[in-house]
Amino acid sequence: DGGITQSPKYLFRKEGQNVTLSCEQNLNHDAMYWYRQDPGQGLRLIYYSQIVNDFQKGDIAEGYSVSREKKESFPLTVTSAQKNPTAFYLCASSNPGQGTEAFFGQGTRLTVV
Amino acid sequence: GDSVTQMEGPVTLSEEACLTINCTYTATGYPSLFWYVQYPGEGLQLLLKATKADDKGSNKGFEATYRKETTSFHLEKGSVQVSDSAVYFCALWVRGGYNKLIFGAGTRLAVHP
């Protein structure tokens, strides 16, 4: 079945470490997005990408990095520069040209220990 | 800039009560509008959408009408169930330039038997 897959579901990071969250889609969507969700709060856009090899900063890009080397993959790296990385991270994809909805993965919960 | 404003929660209702969650938006272009639902520990699922003025989206007993004159997209349901307890997000997508989805802060709904 087509869909969007995030891994791992739970991730623990020591302070000072970089970690990479995986996001893969087989929907043939051009656009992909990363959002951060804190408890009881809405979604904040970290990065988004409209096409391969292109991406744009969202509202809270500091301390994060991404790459878009393949259409189906959009990994997010949480660097040691991110001071408060504990959160729920959501990846999404869409075909924006038609105004179609975004499909979301099941999320990765990152905890700093 | 483009933005979405939702009523604050939590909204607490008894089973079979009527639901309205207000959503208004600001957009420079002609947005498509969406309602997403998030169950605990999961990603977001599309609930309904509308792509032009006066369109009505509907799904699982929920409805929302795209009102351009009032820039609103309120979510309604005539009779809620305990299983409707979740967080609801209003979102918009504006064509042109670098397309991106913009979400409201989310409204938590709790339905009691």
# chains A, B, ... in the order shown; residues from 1 in each chain; ligands from 1

call {"tool": "residues_around", "arguments": {"residues": "range 48-52 of chain B", "least_positions_apart": "6", "cutoff": "12 Å", "atoms": "only C-alpha atoms", "output": "ChimeraX atom specification"}}
result
/A:96,98-102 /B:29-37,58-68,71-76,88-95

call {"tool": "write_last_selection", "arguments": {"atoms": "N, CA, C and O atoms", "output": "short mmCIF file (atom, residue, chain, number, x, y, z; two decimals), in the first residue's frame"}}
result
data_model
loop_
_atom_site.label_atom_id
_atom_site.label_comp_id
_atom_site.auth_asym_id
_atom_site.auth_seq_id
_atom_site.Cartn_x
_atom_site.Cartn_y
_atom_site.Cartn_z
N PRO A 96 1.38 19.47 -4.23
CA PRO A 96 0.75 20.79 -4.06
C PRO A 96 0.16 21.38 -5.33
O PRO A 96 -0.68 22.24 -5.26
N GLN A 98 -2.03 20.42 -7.24
CA GLN A 98 -3.46 20.21 -7.35
C GLN A 98 -4.20 20.57 -6.07
O GLN A 98 -5.39 20.31 -5.95
N GLY A 99 -3.49 21.12 -5.11
CA GLY A 99 -4.13 21.46 -3.85
C GLY A 99 -4.58 20.25 -3.07
O GLY A 99 -5.51 20.34 -2.28
N THR A 100 -3.93 19.15 -3.32
CA THR A 100 -4.34 17.92 -2.63
C THR A 100 -3.83 17.93 -1.20
O THR A 100 -2.91 18.65 -0.85
N GLU A 101 -4.45 17.08 -0.41
CA GLU A 101 -4.13 17.07 1.01
C GLU A 101 -2.76 16.47 1.24
O GLU A 101 -2.20 15.77 0.41
N ALA A 102 -2.21 16.74 2.41
CA ALA A 102 -0.96 16.14 2.84
C ALA A 102 -1.24 14.83 3.55
O ALA A 102 -2.24 14.69 4.25
N GLY B 29 -3.68 34.63 -1.31
CA GLY B 29 -4.17 34.06 -2.55
C GLY B 29 -5.51 33.41 -2.37
O GLY B 29 -6.37 33.91 -1.64
N TYR B 30 -5.69 32.27 -3.03
CA TYR B 30 -6.95 31.53 -2.98
C TYR B 30 -6.65 30.16 -2.39
O TYR B 30 -6.32 29.22 -3.11
N PRO B 31 -6.78 30.03 -1.08
CA PRO B 31 -6.32 28.80 -0.44
C PRO B 31 -7.27 27.63 -0.60
O PRO B 31 -8.47 27.80 -0.80
N SER B 32 -6.72 26.45 -0.49
CA SER B 32 -7.49 25.25 -0.19
C SER B 32 -7.49 25.11 1.33
O SER B 32 -6.52 25.45 1.99
N LEU B 33 -8.58 24.60 1.86
CA LEU B 33 -8.74 24.50 3.31
C LEU B 33 -8.98 23.06 3.73
O LEU B 33 -9.65 22.30 3.01
N PHE B 34 -8.45 22.71 4.89
CA PHE B 34 -8.50 21.32 5.36
C PHE B 34 -8.81 21.27 6.85
O PHE B 34 -8.46 22.18 7.61
N TRP B 35 -9.42 20.17 7.25
CA TRP B 35 -9.49 19.79 8.66
C TRP B 35 -8.82 18.43 8.79
O TRP B 35 -9.14 17.48 8.06
N TYR B 36 -7.86 18.38 9.75
CA TYR B 36 -7.19 17.13 10.08
C TYR B 36 -7.55 16.73 11.51
O TYR B 36 -7.86 17.58 12.35
N VAL B 37 -7.47 15.42 11.77
CA VAL B 37 -7.71 14.91 13.11
C VAL B 37 -6.50 14.10 13.57
O VAL B 37 -5.87 13.40 12.76
N SER B 58 -17.22 17.14 3.66
CA SER B 58 -17.92 16.33 4.65
C SER B 58 -17.31 14.94 4.72
O SER B 58 -16.80 14.41 3.73
N ASN B 59 -17.36 14.38 5.93
CA ASN B 59 -16.82 13.04 6.15
C ASN B 59 -17.18 12.59 7.56
O ASN B 59 -17.03 13.38 8.51
N LYS B 60 -17.63 11.37 7.71
CA LYS B 60 -17.93 10.76 9.03
C LYS B 60 -18.87 11.63 9.86
O LYS B 60 -18.76 11.68 11.09
N GLY B 61 -19.78 12.33 9.23
CA GLY B 61 -20.73 13.17 9.95
C GLY B 61 -20.24 14.59 10.22
O GLY B 61 -21.01 15.43 10.69
N PHE B 62 -18.98 14.84 9.93
CA PHE B 62 -18.42 16.19 10.08
C PHE B 62 -18.62 16.97 8.78
O PHE B 62 -18.58 16.41 7.69
N GLU B 63 -18.82 18.30 8.93
CA GLU B 63 -18.97 19.17 7.76
C GLU B 63 -18.24 20.49 8.01
O GLU B 63 -18.10 20.91 9.17
N ALA B 64 -17.81 21.10 6.92
CA ALA B 64 -17.27 22.46 7.00
C ALA B 64 -17.47 23.12 5.65
O ALA B 64 -17.26 22.50 4.61
N THR B 65 -17.87 24.40 5.67
CA THR B 65 -18.13 25.13 4.44
C THR B 65 -17.13 26.26 4.30
O THR B 65 -16.89 27.03 5.23
N TYR B 66 -16.55 26.37 3.14
CA TYR B 66 -15.55 27.39 2.81
C TYR B 66 -16.29 28.70 2.58
O TYR B 66 -16.97 28.87 1.57
N ARG B 67 -16.14 29.64 3.51
CA ARG B 67 -16.81 30.93 3.42
C ARG B 67 -15.78 32.01 3.14
O ARG B 67 -15.05 32.45 4.03
N LYS B 68 -15.75 32.44 1.90
CA LYS B 68 -14.75 33.44 1.52
C LYS B 68 -15.08 34.80 2.14
O LYS B 68 -14.20 35.56 2.53
N THR B 71 -13.97 34.58 5.60
CA THR B 71 -12.68 33.86 5.69
C THR B 71 -12.73 32.82 6.79
O THR B 71 -11.89 32.79 7.70
N SER B 72 -13.73 31.95 6.73
CA SER B 72 -13.92 30.96 7.77
C SER B 72 -14.12 29.56 7.20
O SER B 72 -14.48 29.39 6.02
N PHE B 73 -13.88 28.58 8.05
CA PHE B 73 -14.03 27.16 7.65
C PHE B 73 -14.34 26.38 8.93
O PHE B 73 -13.59 25.52 9.36
N HIS B 74 -15.48 26.66 9.54
CA HIS B 74 -15.83 26.09 10.83
C HIS B 74 -16.22 24.62 10.70
O HIS B 74 -16.98 24.24 9.80
N LEU B 75 -15.76 23.81 11.64
CA LEU B 75 -16.06 22.37 11.65
C LEU B 75 -17.30 22.12 12.50
O LEU B 75 -17.39 22.62 13.63
N GLU B 76 -18.23 21.32 11.97
CA GLU B 76 -19.48 21.05 12.68
C GLU B 76 -19.82 19.57 12.62
O GLU B 76 -19.49 18.88 11.66
N TYR B 88 -8.21 18.39 16.74
CA TYR B 88 -8.61 18.77 15.39
C TYR B 88 -7.80 20.00 14.95
O TYR B 88 -7.71 20.99 15.68
N PHE B 89 -7.24 19.91 13.74
CA PHE B 89 -6.42 20.98 13.20
C PHE B 89 -7.05 21.52 11.91
O PHE B 89 -7.37 20.76 11.00
N CYS B 90 -7.17 22.83 11.85
CA CYS B 90 -7.55 23.50 10.62
C CYS B 90 -6.27 23.89 9.88
O CYS B 90 -5.27 24.27 10.53
N ALA B 91 -6.27 23.80 8.56
CA ALA B 91 -5.06 24.09 7.80
C ALA B 91 -5.40 24.72 6.46
O ALA B 91 -6.51 24.54 5.93
N LEU B 92 -4.45 25.46 5.92
CA LEU B 92 -4.64 26.03 4.59
C LEU B 92 -3.41 25.81 3.73
O LEU B 92 -2.30 25.62 4.23
N TRP B 93 -3.64 25.82 2.44
CA TRP B 93 -2.57 25.72 1.47
C TRP B 93 -2.84 26.75 0.38
O TRP B 93 -3.94 26.78 -0.18
N VAL B 94 -1.84 27.60 0.13
CA VAL B 94 -2.01 28.67 -0.84
C VAL B 94 -1.17 28.37 -2.07
O VAL B 94 0.01 28.07 -1.96
N ARG B 95 -1.76 28.50 -3.23
CA ARG B 95 -1.05 28.25 -4.48
C ARG B 95 -0.02 29.33 -4.74
O ARG B 95 -0.17 30.47 -4.32
#

call {"tool": "interface_residues", "arguments": {"of": "chain A", "to": "chain B", "cutoff": "10 Å", "atoms": "only C-alpha atoms", "output": "count of residues only"}}
result
39

call {"tool": "residues_around", "arguments": {"residues": "Glu62 in chain A", "least_positions_apart": "5", "cutoff": "9 Å", "atoms": "only C-alpha atoms", "output": "PDB file with N, CA, C and O atoms, in the first residue's frame"}}
result
ATOM      1  N   ILE A  46       9.315  22.994  10.268  1.00  0.00           N
ATOM      2  CA  ILE A  46      10.770  23.046  10.405  1.00  0.00           C
ATOM      3  C   ILE A  46      11.419  23.294   9.039  1.00  0.00           C
ATOM      4  O   ILE A  46      12.165  24.254   8.857  1.00  0.00           O
ATOM      5  N   LYS A  57      13.713  26.679   4.509  1.00  0.00           N
ATOM      6  CA  LYS A  57      13.520  26.745   5.949  1.00  0.00           C
ATOM      7  C   LYS A  57      12.074  27.102   6.261  1.00  0.00           C
ATOM      8  O   LYS A  57      11.458  27.930   5.584  1.00  0.00           O
ATOM      9  N   ALA A  81      23.013  21.622  18.131  1.00  0.00           N
ATOM     10  CA  ALA A  81      22.697  23.049  18.258  1.00  0.00           C
ATOM     11  C   ALA A  81      21.239  23.292  18.629  1.00  0.00           C
ATOM     12  O   ALA A  81      20.885  24.397  19.035  1.00  0.00           O
ATOM     13  N   GLN A  82      20.434  22.262  18.512  1.00  0.00           N
ATOM     14  CA  GLN A  82      19.024  22.387  18.877  1.00  0.00           C
ATOM     15  C   GLN A  82      18.938  22.234  20.398  1.00  0.00           C
ATOM     16  O   GLN A  82      19.164  21.158  20.943  1.00  0.00           O
TER      17      GLN A  82
END

call {"tool": "select_by_dssp", "arguments": {"residues": "chain A", "states": "strand (DSSP E or B)", "output": "PyMOL selection string"}}
result
chain A and resi 4-7+10-13+19-25+31-37+43-49+56-57+64-66+70+73+76-78+87-94+103-104+108-112

call {"tool": "write_last_selection", "arguments": {"atoms": "C-alpha atoms", "output": "PDB file, in the first residue's frame"}}
result
ATOM      1  CA  ILE A   4       4.523   7.586   4.281  1.00  0.00           C
ATOM      2  CA  THR A   5       6.756   5.872   6.813  1.00  0.00           C
ATOM      3  CA  GLN A   6       8.683   7.416   9.652  1.00  0.00           C
ATOM      4  CA  SER A   7      11.284   5.609  11.686  1.00  0.00           C
ATOM      5  CA  TYR A  10      10.759   6.316  19.559  1.00  0.00           C
ATOM      6  CA  LEU A  11      14.272   7.763  19.708  1.00  0.00           C
ATOM      7  CA  PHE A  12      16.466   8.651  22.636  1.00  0.00           C
ATOM      8  CA  ARG A  13      19.374  11.013  22.276  1.00  0.00           C
ATOM      9  CA  VAL A  19      20.377  12.162  15.409  1.00  0.00           C
ATOM     10  CA  THR A  20      18.638  11.556  12.090  1.00  0.00           C
ATOM     11  CA  LEU A  21      14.941  10.845  11.688  1.00  0.00           C
ATOM     12  CA  SER A  22      13.890   8.915   8.623  1.00  0.00           C
ATOM     13  CA  CYS A  23      10.930   9.749   6.367  1.00  0.00           C
ATOM     14  CA  GLU A  24      10.108   7.717   3.254  1.00  0.00           C
ATOM     15  CA  GLN A  25       7.095   7.963   0.938  1.00  0.00           C
ATOM     16  CA  ALA A  31       6.544  17.996  -1.740  1.00  0.00           C
ATOM     17  CA  MET A  32       7.640  16.845   1.684  1.00  0.00           C
ATOM     18  CA  TYR A  33       7.496  18.559   5.072  1.00  0.00           C
ATOM     19  CA  TRP A  34       8.813  18.251   8.605  1.00  0.00           C
ATOM     20  CA  TYR A  35       6.830  19.529  11.561  1.00  0.00           C
ATOM     21  CA  ARG A  36       7.522  19.661  15.249  1.00  0.00           C
ATOM     22  CA  GLN A  37       4.756  19.210  17.814  1.00  0.00           C
ATOM     23  CA  LEU A  43       2.425  22.008  14.493  1.00  0.00           C
ATOM     24  CA  ARG A  44       5.393  24.180  13.663  1.00  0.00           C
ATOM     25  CA  LEU A  45       7.075  23.885  10.303  1.00  0.00           C
ATOM     26  CA  ILE A  46      10.770  23.046  10.405  1.00  0.00           C
ATOM     27  CA  TYR A  47      11.683  22.515   6.749  1.00  0.00           C
ATOM     28  CA  TYR A  48       9.887  21.782   3.507  1.00  0.00           C
ATOM     29  CA  SER A  49      10.900  20.655   0.061  1.00  0.00           C
ATOM     30  CA  GLN A  56      13.349  25.769   2.314  1.00  0.00           C
ATOM     31  CA  LYS A  57      13.520  26.745   5.949  1.00  0.00           C
ATOM     32  CA  TYR A  64      17.936  21.216  12.229  1.00  0.00           C
ATOM     33  CA  SER A  65      19.148  20.139   8.798  1.00  0.00           C
ATOM     34  CA  VAL A  66      17.597  18.189   5.924  1.00  0.00           C
ATOM     35  CA  LYS A  70      15.734  11.332  -3.689  1.00  0.00           C
ATOM     36  CA  SER A  73      13.186  10.406   1.051  1.00  0.00           C
ATOM     37  CA  LEU A  76      15.752  15.272   9.227  1.00  0.00           C
ATOM     38  CA  THR A  77      18.873  15.661  11.358  1.00  0.00           C
ATOM     39  CA  VAL A  78      18.483  17.136  14.811  1.00  0.00           C
ATOM     40  CA  ALA A  87       9.264  16.687  20.911  1.00  0.00           C
ATOM     41  CA  PHE A  88       7.053  14.712  18.547  1.00  0.00           C
ATOM     42  CA  TYR A  89       8.207  15.020  14.922  1.00  0.00           C
ATOM     43  CA  LEU A  90       5.848  14.581  12.011  1.00  0.00           C
ATOM     44  CA  CYS A  91       6.723  14.142   8.353  1.00  0.00           C
ATOM     45  CA  ALA A  92       4.223  14.756   5.568  1.00  0.00           C
ATOM     46  CA  SER A  93       4.056  14.696   1.787  1.00  0.00           C
ATOM     47  CA  SER A  94       1.725  16.141  -0.827  1.00  0.00           C
ATOM     48  CA  PHE A 103      -0.406  12.603   4.056  1.00  0.00           C
ATOM     49  CA  PHE A 104       1.305  12.193   7.391  1.00  0.00           C
ATOM     50  CA  THR A 108       8.798   9.980  15.831  1.00  0.00           C
ATOM     51  CA  ARG A 109       8.978  10.842  19.499  1.00  0.00           C
ATOM     52  CA  LEU A 110      12.439  12.134  20.326  1.00  0.00           C
ATOM     53  CA  THR A 111      13.583  12.341  23.927  1.00  0.00           C
ATOM     54  CA  VAL A 112      16.847  13.764  25.174  1.00  0.00           C
TER      55      VAL A 112
END

call {"tool": "residues_around", "arguments": {"residues": "Asn53 in chain A", "least_positions_apart": "6", "cutoff": "10 Å", "atoms": "only C-alpha atoms", "output": "JSON, numbers by chain"}}
result
{"A": [67, 68, 69, 70, 71]}

call {"tool": "atom_distance", "arguments": {"atom1": "CA of His29 in chain A", "atom2": "CA of Asp54 in chain A"}}
result
14.1 Å

call {"tool": "atom_distance", "arguments": {"atom1": "CA of Ala61 in chain A", "atom2": "CA of Gly3 in chain A"}}
result
25.3 Å

call {"tool": "closest_residue", "arguments": {"among": "B:Ala86, B:Gly57, B:Val4, B:Gln81", "to": "Thr24 in chain B", "atoms": "only C-alpha atoms"}}
result
B:Val4

call {"tool": "atom_distance", "arguments": {"atom1": "CA of Asp54 in chain B", "atom2": "CA of Tyr39 in chain B"}}
result
28.7 Å

call {"tool": "closest_residue", "arguments": {"among": "B:Glu69, B:Val111, B:Ala27, B:Ser3", "to": "Val82 in chain B", "atoms": "only C-alpha atoms"}}
result
B:Val111
